file run_13.cif (mmCIF, C-alpha atoms and all ligand atoms)
data_start
#
loop_
_atom_site.label_atom_id
_atom_site.label_comp_id
_atom_site.auth_asym_id
_atom_site.auth_seq_id
_atom_site.Cartn_x
_atom_site.Cartn_y
_atom_site.Cartn_z
CA MET A 483 4.82 -15.40 8.43
CA ASP A 484 1.45 -14.22 9.70
CA HIS A 485 -0.85 -14.90 12.61
CA PHE A 486 -3.86 -16.43 10.84
CA ASP A 487 -3.87 -20.09 11.85
CA LEU A 488 -6.20 -23.04 12.25
CA ASN A 489 -6.91 -23.80 15.88
CA ASP A 490 -9.37 -26.56 16.85
CA GLY A 491 -10.46 -26.78 13.22
CA ALA A 492 -11.29 -23.09 12.82
CA LEU A 493 -9.28 -20.19 11.50
CA HIS A 494 -8.18 -17.69 14.14
CA CYS A 495 -6.50 -14.33 13.97
CA ASP A 496 -4.06 -14.51 16.85
CA GLY A 497 -6.22 -15.63 19.79
CA VAL A 498 -9.59 -14.71 18.28
CA PRO A 499 -11.78 -17.08 16.23
CA LEU A 500 -12.85 -15.39 12.99
CA GLU A 501 -16.29 -16.92 13.62
CA THR A 502 -16.62 -14.68 16.68
CA ILE A 503 -15.87 -11.55 14.67
CA ALA A 504 -18.29 -12.58 11.90
CA ALA A 505 -21.03 -13.25 14.45
CA GLU A 506 -20.57 -9.93 16.24
CA VAL A 507 -19.69 -7.53 13.40
CA GLY A 508 -21.27 -9.28 10.44
CA THR A 509 -19.68 -9.85 7.06
CA PRO A 510 -17.91 -8.81 4.92
CA VAL A 511 -15.27 -7.45 7.29
CA TYR A 512 -11.53 -6.86 7.12
CA VAL A 513 -9.55 -8.37 10.00
CA TYR A 514 -6.00 -7.24 10.80
CA SER A 515 -3.43 -8.93 13.00
CA HIS A 516 -1.48 -6.58 15.25
CA ALA A 517 1.24 -9.19 15.81
CA THR A 518 1.74 -9.56 12.05
CA LEU A 519 1.99 -5.80 11.47
CA VAL A 520 4.57 -5.54 14.24
CA ARG A 521 6.48 -8.53 12.94
CA HIS A 522 6.65 -7.18 9.39
CA ALA A 523 7.83 -3.77 10.59
CA ARG A 524 10.55 -5.40 12.68
CA VAL A 525 11.68 -7.83 9.98
CA LEU A 526 12.13 -4.96 7.54
CA LYS A 527 13.95 -2.77 10.06
CA GLU A 528 16.21 -5.70 10.88
CA ALA A 529 16.93 -6.24 7.17
CA LEU A 530 17.96 -2.56 6.88
CA ALA A 531 19.92 -2.49 10.14
CA ALA A 532 23.31 -2.37 8.41
CA LEU A 533 22.42 1.02 6.89
CA HIS A 534 23.07 4.29 8.68
CA ASP A 535 19.86 5.66 10.29
CA PRO A 536 17.36 4.48 7.63
CA LEU A 537 13.89 6.06 7.63
CA VAL A 538 11.06 3.59 7.08
CA ALA A 539 7.99 5.57 6.02
CA PHE A 540 4.88 3.42 5.63
CA ALA A 541 2.96 4.12 2.41
CA VAL A 542 -0.31 5.17 4.03
CA LYS A 543 -2.26 4.49 0.83
CA ALA A 544 -1.81 0.76 1.41
CA ASN A 545 -3.74 0.85 4.67
CA PRO A 546 -4.85 4.18 6.15
CA ASN A 547 -6.75 2.68 9.07
CA PRO A 548 -5.99 4.80 12.16
CA ALA A 549 -5.41 1.76 14.40
CA VAL A 550 -3.04 0.25 11.85
CA LEU A 551 -1.14 3.53 11.56
CA ALA A 552 -0.96 3.86 15.35
CA THR A 553 0.46 0.32 15.53
CA LEU A 554 3.14 1.20 13.00
CA ALA A 555 3.87 4.55 14.66
CA GLY A 556 4.49 2.53 17.81
CA GLU A 557 7.15 0.61 15.88
CA GLY A 558 8.85 3.86 14.91
CA LEU A 559 7.64 3.95 11.31
CA GLY A 560 7.02 7.25 9.58
CA ALA A 561 4.68 7.90 6.66
CA ASP A 562 4.81 8.28 2.90
CA ILE A 563 1.73 10.35 2.08
CA VAL A 564 0.06 11.41 -1.16
CA SER A 565 -2.73 13.67 0.06
CA ILE A 566 -3.46 15.99 2.92
CA GLY A 567 -5.97 13.43 4.15
CA GLU A 568 -3.12 10.93 4.57
CA TYR A 569 -1.02 13.64 6.22
CA ARG A 570 -3.70 14.23 8.85
CA LEU A 571 -4.13 10.51 9.48
CA ALA A 572 -0.38 10.03 9.92
CA ARG A 573 -0.12 12.95 12.32
CA ALA A 574 -3.17 11.80 14.28
CA ALA A 575 -1.60 8.33 14.57
CA GLY A 576 1.47 9.87 16.22
CA MET A 577 3.90 9.89 13.29
CA PRO A 578 6.18 12.92 13.74
CA PRO A 579 6.45 15.38 10.82
CA SER A 580 10.19 14.67 10.67
CA THR A 581 9.27 11.15 9.44
CA ILE A 582 6.79 12.23 6.76
CA LEU A 583 7.57 12.25 3.04
CA PHE A 584 5.02 13.91 0.75
CA SER A 585 4.82 12.07 -2.61
CA GLY A 586 2.40 12.38 -5.53
CA VAL A 587 2.15 14.07 -8.93
CA GLY A 588 -0.78 16.35 -8.15
CA LYS A 589 -0.29 18.06 -4.78
CA ASP A 590 -2.26 21.30 -4.79
CA ALA A 591 -1.35 24.61 -3.15
CA ALA A 592 -3.62 24.10 -0.13
CA GLU A 593 -2.11 20.67 0.53
CA MET A 594 1.39 22.06 0.18
CA ALA A 595 0.66 24.91 2.60
CA GLU A 596 -0.73 22.63 5.30
CA ALA A 597 2.10 20.09 5.04
CA LEU A 598 4.68 22.88 5.03
CA ALA A 599 3.14 24.45 8.14
CA GLY A 600 3.43 21.03 9.74
CA ASP A 601 7.14 20.78 8.86
CA VAL A 602 7.14 17.56 6.85
CA LEU A 603 10.59 16.17 6.21
CA GLN A 604 10.58 16.35 2.41
CA PHE A 605 8.33 17.06 -0.57
CA ASN A 606 9.04 14.54 -3.32
CA LEU A 607 8.40 16.64 -6.41
CA GLU A 608 7.50 15.25 -9.81
CA SER A 609 7.90 18.28 -12.09
CA VAL A 610 9.49 21.72 -12.30
CA GLU A 611 5.97 23.13 -12.52
CA GLU A 612 5.25 21.64 -9.10
CA ALA A 613 8.49 23.14 -7.75
CA HIS A 614 7.32 26.59 -8.88
CA MET A 615 3.98 26.18 -7.11
CA LEU A 616 5.61 24.98 -3.90
CA SER A 617 8.09 27.86 -3.94
CA VAL A 618 5.26 30.40 -4.20
CA VAL A 619 3.44 28.69 -1.33
CA ALA A 620 6.58 28.59 0.81
CA VAL A 621 7.51 32.24 0.19
CA ALA A 622 3.97 33.32 1.07
CA ALA A 623 4.24 31.36 4.32
CA GLY A 624 7.72 32.70 5.10
CA ARG A 625 9.12 29.18 5.09
CA THR A 626 11.54 26.99 3.17
CA ALA A 627 10.37 23.63 1.81
CA GLN A 628 12.83 20.76 1.69
CA VAL A 629 12.49 19.02 -1.65
CA ALA A 630 13.59 16.08 -3.75
CA PHE A 631 12.79 15.26 -7.35
CA ARG A 632 11.58 11.83 -8.30
CA LEU A 633 13.69 10.23 -10.99
CA ASN A 634 11.89 8.29 -13.70
CA PRO A 635 14.67 5.77 -14.40
CA ASP A 636 12.92 4.13 -17.37
CA VAL A 637 13.24 0.66 -15.87
CA ASP A 638 10.60 -2.00 -16.38
CA ALA A 639 9.55 -3.22 -12.96
CA GLY A 640 8.21 -6.50 -14.37
CA THR A 641 4.89 -6.17 -12.54
CA HIS A 642 1.29 -5.54 -13.67
CA ALA A 643 1.11 -2.61 -16.14
CA LYS A 644 -1.33 -0.71 -13.94
CA ILE A 645 1.06 -0.69 -10.99
CA THR A 646 4.23 0.04 -12.98
CA THR A 647 5.50 3.58 -12.41
CA GLY A 648 9.10 3.80 -13.62
CA ASN A 649 8.72 3.48 -17.41
CA ALA A 650 9.37 6.48 -19.63
CA ASP A 651 5.72 6.46 -20.69
CA ASN A 652 4.38 6.56 -17.11
CA LYS A 653 3.25 9.90 -15.65
CA PHE A 654 5.68 9.69 -12.76
CA GLY A 655 8.98 11.46 -12.12
CA ILE A 656 11.48 13.26 -14.31
CA PRO A 657 13.59 11.55 -16.99
CA ALA A 658 17.32 11.31 -16.28
CA SER A 659 18.03 13.54 -19.29
CA GLN A 660 16.07 16.42 -17.69
CA ALA A 661 16.96 15.81 -14.06
CA LEU A 662 19.98 18.11 -13.69
CA ASP A 663 18.08 21.04 -15.21
CA ALA A 664 15.13 20.39 -12.92
CA PHE A 665 17.34 20.34 -9.81
CA ARG A 666 19.09 23.54 -10.93
CA ALA A 667 15.72 25.21 -11.46
CA ALA A 668 14.63 24.22 -7.95
CA ARG A 669 17.90 25.48 -6.48
CA ASP A 670 17.18 28.89 -7.96
CA LEU A 671 13.71 29.14 -6.46
CA PRO A 672 13.46 31.20 -3.28
CA GLY A 673 11.17 28.98 -1.22
CA LEU A 674 12.98 25.68 -1.73
CA GLU A 675 16.00 23.87 -0.36
CA VAL A 676 17.04 20.82 -2.36
CA THR A 677 17.64 18.01 0.13
CA GLY A 678 17.19 14.76 -1.73
CA VAL A 679 16.45 12.43 -4.59
CA THR A 680 13.83 9.72 -4.87
CA VAL A 681 12.72 6.84 -7.07
CA HIS A 682 9.81 4.37 -7.02
CA ILE A 683 9.30 2.06 -10.00
CA GLY A 684 6.19 0.10 -9.12
CA SER A 685 4.45 -2.24 -6.73
CA GLN A 686 4.38 -6.01 -6.06
CA LEU A 687 7.88 -6.46 -7.50
CA THR A 688 8.98 -10.06 -7.35
CA ARG A 689 12.53 -9.55 -8.62
CA LEU A 690 15.38 -7.45 -7.31
CA ASP A 691 17.12 -6.65 -10.60
CA PRO A 692 14.74 -3.86 -11.73
CA LEU A 693 15.07 -2.25 -8.31
CA GLU A 694 18.84 -2.57 -8.46
CA ALA A 695 18.92 -0.99 -11.94
CA ALA A 696 16.76 1.91 -10.72
CA PHE A 697 18.93 2.46 -7.64
CA GLN A 698 22.06 2.45 -9.78
CA ARG A 699 20.58 5.19 -11.94
CA LEU A 700 19.71 7.12 -8.81
CA GLY A 701 23.33 6.70 -7.65
CA GLU A 702 24.54 8.17 -10.96
CA LEU A 703 22.19 11.11 -10.47
CA ILE A 704 23.52 11.67 -6.94
CA SER A 705 27.09 11.84 -8.34
CA THR A 706 26.05 14.27 -11.08
CA LEU A 707 24.26 16.51 -8.61
CA ARG A 708 27.09 16.52 -6.09
CA ALA A 709 29.54 17.42 -8.84
CA ASP A 710 27.24 20.37 -9.51
CA GLY A 711 27.43 21.50 -5.89
CA PHE A 712 24.23 20.04 -4.42
CA ASP A 713 24.37 19.06 -0.75
CA LEU A 714 22.11 16.00 -0.70
CA LYS A 715 20.92 14.50 2.56
CA ILE A 716 18.23 11.93 1.71
CA ALA A 717 17.94 9.25 -0.97
CA ASP A 718 14.40 7.87 -0.86
CA LEU A 719 14.30 4.44 -2.50
CA GLY A 720 10.49 4.15 -2.56
CA GLY A 721 8.53 0.99 -1.87
CA GLY A 722 7.45 -1.82 -4.14
CA LEU A 723 8.85 -5.01 -2.67
CA GLY A 724 6.31 -7.75 -3.34
CA VAL A 725 4.73 -10.20 -0.91
CA PRO A 726 3.79 -13.87 -1.31
CA TYR A 727 0.12 -14.12 -2.32
CA GLY A 728 -0.08 -17.88 -2.07
CA PRO A 729 0.45 -21.18 -3.87
CA GLY A 730 1.53 -20.88 -7.49
CA GLN A 731 2.25 -17.16 -7.21
CA PRO A 732 5.72 -15.67 -7.79
CA GLU A 733 7.84 -15.75 -4.63
CA PRO A 734 9.25 -12.29 -3.94
CA PRO A 735 12.77 -11.78 -2.62
CA THR A 736 13.09 -11.72 1.16
CA PRO A 737 13.51 -8.42 3.00
CA GLU A 738 17.01 -9.69 3.95
CA ALA A 739 17.96 -10.11 0.28
CA TYR A 740 16.52 -6.67 -0.48
CA GLY A 741 18.46 -5.10 2.42
CA ALA A 742 21.69 -6.77 1.29
CA MET A 743 21.21 -5.52 -2.28
CA VAL A 744 20.52 -1.98 -1.05
CA ALA A 745 23.58 -2.05 1.23
CA ARG A 746 25.76 -3.18 -1.67
CA VAL A 747 24.46 -0.68 -4.24
CA THR A 748 24.48 2.32 -1.88
CA ARG A 749 27.79 1.51 -0.14
CA ASP A 750 29.52 4.71 -1.27
CA TRP A 751 26.56 7.05 -1.27
CA ASN A 752 27.12 8.62 2.18
CA ILE A 753 23.52 9.67 2.47
CA ARG A 754 20.54 8.86 4.68
CA LEU A 755 18.30 6.28 2.99
CA ALA A 756 14.51 6.35 3.18
CA PHE A 757 12.05 3.59 2.26
CA GLU A 758 8.32 3.69 1.52
CA PRO A 759 7.01 0.14 1.95
CA GLY A 760 3.26 -0.37 1.90
CA ARG A 761 2.23 -3.89 0.92
CA LEU A 762 5.26 -5.47 2.58
CA ILE A 763 4.13 -4.23 5.98
CA SER A 764 0.37 -4.66 5.86
CA GLY A 765 -0.46 -7.06 3.00
CA ASN A 766 -0.27 -10.34 4.85
CA ALA A 767 -1.47 -8.78 8.09
CA GLY A 768 -5.07 -8.69 6.86
CA VAL A 769 -7.84 -10.89 5.51
CA LEU A 770 -11.24 -10.12 4.08
CA LEU A 771 -13.74 -12.32 5.91
CA THR A 772 -16.91 -13.07 3.97
CA ARG A 773 -19.86 -15.47 4.08
CA VAL A 774 -21.14 -17.71 1.32
CA VAL A 775 -24.61 -16.50 0.34
CA ARG A 776 -25.41 -19.32 -2.02
CA VAL A 777 -23.88 -21.83 -4.36
CA LYS A 778 -25.28 -21.93 -7.86
CA PRO A 779 -24.50 -24.72 -10.34
CA GLY A 780 -22.29 -23.69 -13.25
CA GLU A 781 -21.59 -25.09 -16.70
CA LYS A 782 -18.15 -26.31 -15.62
CA HIS A 783 -17.73 -25.35 -11.96
CA PRO A 784 -20.08 -24.21 -9.22
CA TRP A 785 -20.46 -20.45 -8.64
CA VAL A 786 -19.76 -19.62 -5.01
CA ILE A 787 -21.54 -16.33 -4.37
CA VAL A 788 -20.16 -14.55 -1.31
CA ASP A 789 -21.31 -11.41 0.47
CA ALA A 790 -18.10 -9.51 -0.38
CA ALA A 791 -17.83 -7.98 -3.82
CA MET A 792 -15.53 -6.01 -6.09
CA ASN A 793 -16.35 -2.84 -4.16
CA ASP A 794 -14.91 -4.39 -0.99
CA LEU A 795 -11.76 -5.80 -2.64
CA MET A 796 -11.06 -4.31 -6.05
CA ARG A 797 -7.71 -5.95 -6.76
CA PRO A 798 -8.97 -9.02 -8.69
CA ALA A 799 -11.22 -6.85 -10.88
CA LEU A 800 -8.57 -4.18 -11.47
CA TYR A 801 -5.38 -6.22 -11.83
CA ASP A 802 -6.59 -9.82 -12.19
CA ALA A 803 -4.93 -10.18 -8.80
CA TYR A 804 -4.77 -13.53 -7.03
CA HIS A 805 -5.96 -13.72 -3.42
CA HIS A 806 -5.71 -17.08 -1.73
CA ILE A 807 -9.13 -18.36 -0.60
CA ALA A 808 -9.64 -20.59 2.42
CA ALA A 809 -12.60 -21.81 4.47
CA VAL A 810 -12.70 -20.62 8.06
CA ARG A 811 -13.78 -24.13 9.14
CA PRO A 812 -12.42 -26.44 6.41
CA SER A 813 -14.24 -29.76 6.09
CA GLY A 814 -11.26 -31.40 4.41
CA ARG A 815 -13.19 -31.72 1.16
CA ARG A 816 -11.80 -29.77 -1.82
CA TRP A 817 -13.35 -28.73 -5.09
CA THR A 818 -12.85 -26.48 -8.09
CA ALA A 819 -15.16 -23.49 -8.10
CA ASN A 820 -15.69 -19.92 -9.29
CA VAL A 821 -15.94 -17.33 -6.51
CA VAL A 822 -17.93 -14.17 -7.21
CA GLY A 823 -19.69 -11.32 -5.42
CA PRO A 824 -23.23 -9.93 -5.71
CA VAL A 825 -22.35 -6.84 -7.81
CA CYS A 826 -23.94 -6.68 -11.26
CA GLU A 827 -20.78 -6.92 -13.35
CA SER A 828 -18.92 -9.93 -14.64
CA GLY A 829 -15.79 -8.17 -13.36
CA ASP A 830 -17.05 -8.91 -9.86
CA THR A 831 -15.10 -12.16 -9.89
CA PHE A 832 -12.60 -13.13 -7.21
CA ALA A 833 -11.47 -16.41 -8.77
CA LEU A 834 -12.31 -18.68 -11.69
CA ALA A 835 -11.73 -22.43 -11.67
CA ARG A 836 -10.05 -22.14 -8.27
CA GLU A 837 -8.99 -25.31 -6.45
CA MET A 838 -10.18 -24.55 -2.91
CA ASP A 839 -11.97 -25.79 0.20
CA ALA A 840 -15.47 -27.02 -0.66
CA VAL A 841 -18.05 -24.71 0.93
CA ALA A 842 -21.80 -24.46 1.40
CA PRO A 843 -24.21 -21.55 1.94
CA GLY A 844 -23.61 -19.95 5.36
CA ASP A 845 -19.94 -20.96 5.51
CA LEU A 846 -17.29 -18.35 6.17
CA ILE A 847 -14.28 -17.95 3.91
CA VAL A 848 -11.32 -15.56 3.82
CA PHE A 849 -9.43 -13.83 1.07
CA ARG A 850 -5.85 -13.75 2.30
CA THR A 851 -3.26 -11.01 1.86
CA ALA A 852 -5.95 -8.34 1.91
CA GLY A 853 -4.30 -5.96 4.39
CA ALA A 854 -2.85 -3.72 1.65
CA TYR A 855 -4.95 -1.94 -0.99
CA GLY A 856 -8.03 -3.79 0.28
CA ALA A 857 -10.18 -1.63 2.55
CA ALA A 858 -8.10 1.32 1.33
CA MET A 859 -9.64 1.01 -2.13
CA SER A 860 -13.12 -0.07 -1.12
CA ASN A 861 -16.11 1.95 -2.23
CA GLY A 862 -19.89 1.96 -2.20
CA TYR A 863 -20.68 0.77 -5.72
CA ASN A 864 -24.12 -0.82 -6.07
CA SER A 865 -25.10 1.21 -2.97
CA ARG A 866 -23.25 -1.27 -0.82
CA GLU A 867 -21.90 -0.39 2.60
CA LEU A 868 -18.25 0.42 3.20
CA THR A 869 -16.55 -2.64 4.68
CA PRO A 870 -15.82 -2.43 8.39
CA GLU A 871 -12.39 -3.22 9.80
CA VAL A 872 -11.33 -5.06 12.97
CA LEU A 873 -7.92 -5.11 14.64
CA VAL A 874 -6.94 -8.14 16.72
CA LYS A 875 -4.22 -8.06 19.35
CA GLY A 876 -3.72 -11.32 21.23
CA ASP A 877 -7.16 -12.31 22.47
CA LYS A 878 -8.53 -8.77 22.26
CA TRP A 879 -10.26 -7.29 19.24
CA ALA A 880 -12.00 -4.06 18.35
CA LEU A 881 -13.94 -2.53 15.51
CA VAL A 882 -11.56 0.06 14.05
CA ARG A 883 -13.76 1.23 11.18
CA ARG A 884 -17.53 1.07 11.32
CA ARG A 885 -19.69 -0.33 8.56
CA ILE A 886 -21.14 2.78 6.93
CA ASN A 887 -23.51 3.47 4.14
CA ILE A 888 -21.77 6.20 2.19
CA ALA A 889 -24.90 7.07 0.23
CA ASP A 890 -26.49 8.04 3.57
CA ALA A 891 -23.35 9.60 5.00
CA ALA A 892 -22.77 11.81 1.95
CA ALA A 893 -26.39 12.61 1.20
CA ALA A 894 -27.31 16.25 0.57
CA PRO A 895 -30.93 17.36 0.27
CA VAL A 896 -32.60 16.80 -3.10
CA PRO A 897 -32.97 20.34 -4.57
CA SER A 898 -36.46 21.79 -4.14
CA TRP A 899 -36.47 22.89 -7.81
CA LEU A 900 -36.25 19.32 -8.98
N1 LIG A 1001 5.86 5.03 -2.70
C1 LIG A 1001 5.18 5.52 -3.75
C2 LIG A 1001 5.59 6.80 -4.34
C3 LIG A 1001 4.09 4.79 -4.28
O1 LIG A 1001 3.43 5.27 -5.31
C4 LIG A 1001 3.73 3.56 -3.68
C5 LIG A 1001 2.59 2.79 -4.20
C6 LIG A 1001 4.46 3.10 -2.58
C7 LIG A 1001 5.53 3.86 -2.13
C8 LIG A 1001 4.15 1.83 -1.88
O2 LIG A 1001 4.30 0.71 -2.72
P1 LIG A 1001 4.24 -0.78 -2.12
O3 LIG A 1001 5.42 -0.93 -1.19
O4 LIG A 1001 2.96 -0.94 -1.41
O5 LIG A 1001 4.33 -1.64 -3.32
N2 LIG A 1001 -3.40 -0.58 -5.71
C9 LIG A 1001 -2.30 -1.37 -6.20
C10 LIG A 1001 -0.97 -0.88 -5.72
C11 LIG A 1001 -0.73 0.59 -6.05
C12 LIG A 1001 0.59 1.11 -5.52
C13 LIG A 1001 0.66 2.58 -5.68
N3 LIG A 1001 1.86 3.17 -5.18
C14 LIG A 1001 -2.52 -2.83 -5.82
O6 LIG A 1001 -3.52 -3.14 -5.17
O7 LIG A 1001 -1.73 -3.69 -6.19
#
call {"tool": "encode", "arguments": {"input": "run_13.cif", "output": "structure tokens", "more": "lines below"}}
Ligand code: LLP
result
Amino acid sequence: MDHFDLNDGALHCDGVPLETIAAEVGTPVYVYSHATLVRHARVLKEALAALHDPLVAFAVKANPNPAVLATLAGEGLGADIVSIGEYRLARAAGMPPSTILFSGVGKDAAEMAEALAGDVLQFNLESVEEAHMLSVVAVAAGRTAQVAFRLNPDVDAGTHAKITTGNADNKFGIPASQALDAFRAARDLPGLEVTGVTVHIGSQLTRLDPLEAAFQRLGELISTLRADGFDLKIADLGGGLGVPYGPGQPEPPTPEAYGAMVARVTRDWNIRLAFEPGRLISGNAGVLLTRVVRVKPGEKHPWVIVDAAMNDLMRPALYDAYHHIAAVRPSGRRWTANVVGPVCESGDTFALAREMDAVAPGDLIVFRTAGAYGAAMSNGYNSRELTPEVLVKGDKWALVRRRINIADAAAAPVPSWL
């Protein structure tokens, strides 16, 4: 459930007409619903309530907007981070270090040192080489880093290849056959204390069985490690649960079904569980609001050219992702059309032969389910501006990221020798 609804014939976010935001901020613009973020955080926490003291750490990469993070911090969520930039955003949003998990295959020494000084809960390591670097950093700082290794369970997540992370041929984690040796190596390093295990097999998963298989393998690893004398405190089960993207798209399992599966599989683990949901929390809490620039006749279907492009929302170009498209003020007439942006690539296509509301130049439309990996992945290709973001709470709204021209913002002087 979300809070984007038709009211008097026009789409609103909570109590605010999207037309008002478009008129005042311009388009394209991302619009987030505070009530939906809060609802998703609560639904997930409720689904995990049977577990002992679960940690829900929002995957900041899905939506690093400071106002979004502050909203989630207010709901007691922590953060799963993959860079020191995300660490700083999470801390600034009020997420305590004891709720921060540091993931990622390529943390560098400077990032490790800053996160260690800030006392993050756990570094989720992806190689013995990384463990060695972190130990050196920790010893130099006179500290001990709490660490887990990420298991690569070699399970096919059944999602798009580019967002699959738990296959043997993905760069992530450590294979089960090498895991015990890796944990023993970390135990012998002076700057580290082994505190946990972790797994994450991919994103937008629409079935529970791959997750269950991965968790079972993690359970086997926990038993092996305990038999070897490890005192494990945290099992981090990653993120990945999919969300509904709209009509005709695979329906993901409910958070309740996910929680029940986790409770069943982990019944005898006697360990604190952590979760790293991203899309589940913010995906359906956001839309990308855009205006139709013109409609050009096509061979089969009209081309609807909007003022958003692949740089604003990369998911269709990168993963052939489906985003539901709706008119902000639907006329009731429907048609089949292609929806594209102004960027000079054929990949700048949001939808082909899409059955949708009929629209005309000047009309506003939304791409739904754009609150995760939308603005987060936007860029300035074609010298376009970075998309602004708005947060709506009840009948209040505010600009929470300005529209900026990154070519201007990043410009350095042209060298005099040129
Ligand atoms: N934990 C780790 C270690 C991750 O790598 C990710 C996502 C998450 C948690 C959160 O996954 P979620 O719950 O959001 O599925 N840009 C792609 C998605 C990339 C996901 C990367 N890792 C997309 O737009 O579909």
call {"tool": "atom_distance", "arguments": {"input": "run_13.cif", "atom1": "atom CA of Leu633 of chain A", "atom2": "atom CA of Ala696 of chain A"}}
result
8.9 Å
call {"tool": "residues_near_point", "arguments": {"input": "run_13.cif", "point": "(26.6, 7.9, -8.9)", "cutoff": "12 Å", "atoms": "all atoms listed in the file", "output": "tab-separated table (two decimals) with C-alpha atoms, keeping the file's coordinate frame"}}
result
chain	number	residue	atom	x	y	z
A	679	VAL	CA	16.45	12.43	-4.59
A	696	ALA	CA	16.76	1.91	-10.72
A	697	PHE	CA	18.93	2.46	-7.64
A	698	GLN	CA	22.06	2.45	-9.78
A	699	ARG	CA	20.58	5.19	-11.94
A	700	LEU	CA	19.71	7.12	-8.81
A	701	GLY	CA	23.33	6.70	-7.65
A	702	GLU	CA	24.54	8.17	-10.96
A	703	LEU	CA	22.19	11.11	-10.47
A	704	ILE	CA	23.52	11.67	-6.94
A	705	SER	CA	27.09	11.84	-8.34
A	706	THR	CA	26.05	14.27	-11.08
A	707	LEU	CA	24.26	16.51	-8.61
A	708	ARG	CA	27.09	16.52	-6.09
A	709	ALA	CA	29.54	17.42	-8.84
A	717	ALA	CA	17.94	9.25	-0.97
A	747	VAL	CA	24.46	-0.68	-4.24
A	748	THR	CA	24.48	2.32	-1.88
A	749	ARG	CA	27.79	1.51	-0.14
A	750	ASP	CA	29.52	4.71	-1.27
A	751	TRP	CA	26.56	7.05	-1.27
A	752	ASN	CA	27.12	8.62	2.18
A	753	ILE	CA	23.52	9.67	2.47
call {"tool": "residues_near_ligand", "arguments": {"input": "run_13.cif", "ligand": "ligand LIG 1001 (chain A)", "cutoff": "6 Å", "atoms": "all atoms listed in the file", "output": "count of residues only"}}
result
18
call {"tool": "residues_around", "arguments": {"input": "run_13.cif", "residues": "segment 559-561 of chain A", "least_positions_apart": "6", "cutoff": "7 Å", "atoms": "all atoms listed in the file", "output": "ChimeraX atom specification"}}
result
/A:538-542,572,577,581-583
call {"tool": "atom_distance", "arguments": {"input": "run_13.cif", "atom1": "atom CA of Glu501 of chain A", "atom2": "atom CA of Val810 of chain A"}}
result
7.6 Å
call {"tool": "closest_residue", "arguments": {"input": "run_13.cif", "among": "A:His485, A:Arg632, A:Arg625, A:Arg850", "to": "Phe584 of chain A", "atoms": "only C-alpha atoms"}}
result
A:Arg632
call {"tool": "build_atoms", "arguments": {"input": "run_13.cif", "residues": "segment 649-660 of chain A", "atoms": "N, CA and C atoms", "output": "compact mmCIF listing (two decimals), in the frame of the given file"}}
result
# COMPACT_ATOMS: atom_id res chain seq x y z
N ASN A 649 8.45 3.48 -15.97
CA ASN A 649 8.72 3.48 -17.41
C ASN A 649 8.66 4.90 -17.93
N ALA A 650 9.36 5.14 -19.05
CA ALA A 650 9.37 6.48 -19.63
C ALA A 650 7.95 6.95 -19.97
N ASP A 651 7.06 6.02 -20.31
CA ASP A 651 5.72 6.46 -20.69
C ASP A 651 4.73 6.48 -19.52
N ASN A 652 5.24 6.36 -18.29
CA ASN A 652 4.38 6.56 -17.11
C ASN A 652 4.39 8.05 -16.73
N LYS A 653 3.36 8.47 -16.00
CA LYS A 653 3.25 9.90 -15.65
C LYS A 653 4.22 10.33 -14.58
N PHE A 654 4.93 9.40 -13.97
CA PHE A 654 5.68 9.69 -12.76
C PHE A 654 7.11 10.17 -13.01
N GLY A 655 7.57 11.10 -12.19
CA GLY A 655 8.98 11.46 -12.12
C GLY A 655 9.48 12.26 -13.31
N ILE A 656 10.80 12.45 -13.31
CA ILE A 656 11.48 13.26 -14.31
C ILE A 656 12.54 12.39 -14.98
N PRO A 657 12.59 12.39 -16.32
CA PRO A 657 13.59 11.55 -16.99
C PRO A 657 15.01 11.97 -16.63
N ALA A 658 15.93 11.03 -16.65
CA ALA A 658 17.32 11.31 -16.28
C ALA A 658 17.88 12.46 -17.12
N SER A 659 17.47 12.50 -18.39
CA SER A 659 18.03 13.54 -19.29
C SER A 659 17.63 14.95 -18.87
N GLN A 660 16.53 15.08 -18.10
CA GLN A 660 16.07 16.42 -17.69
C GLN A 660 16.33 16.70 -16.22
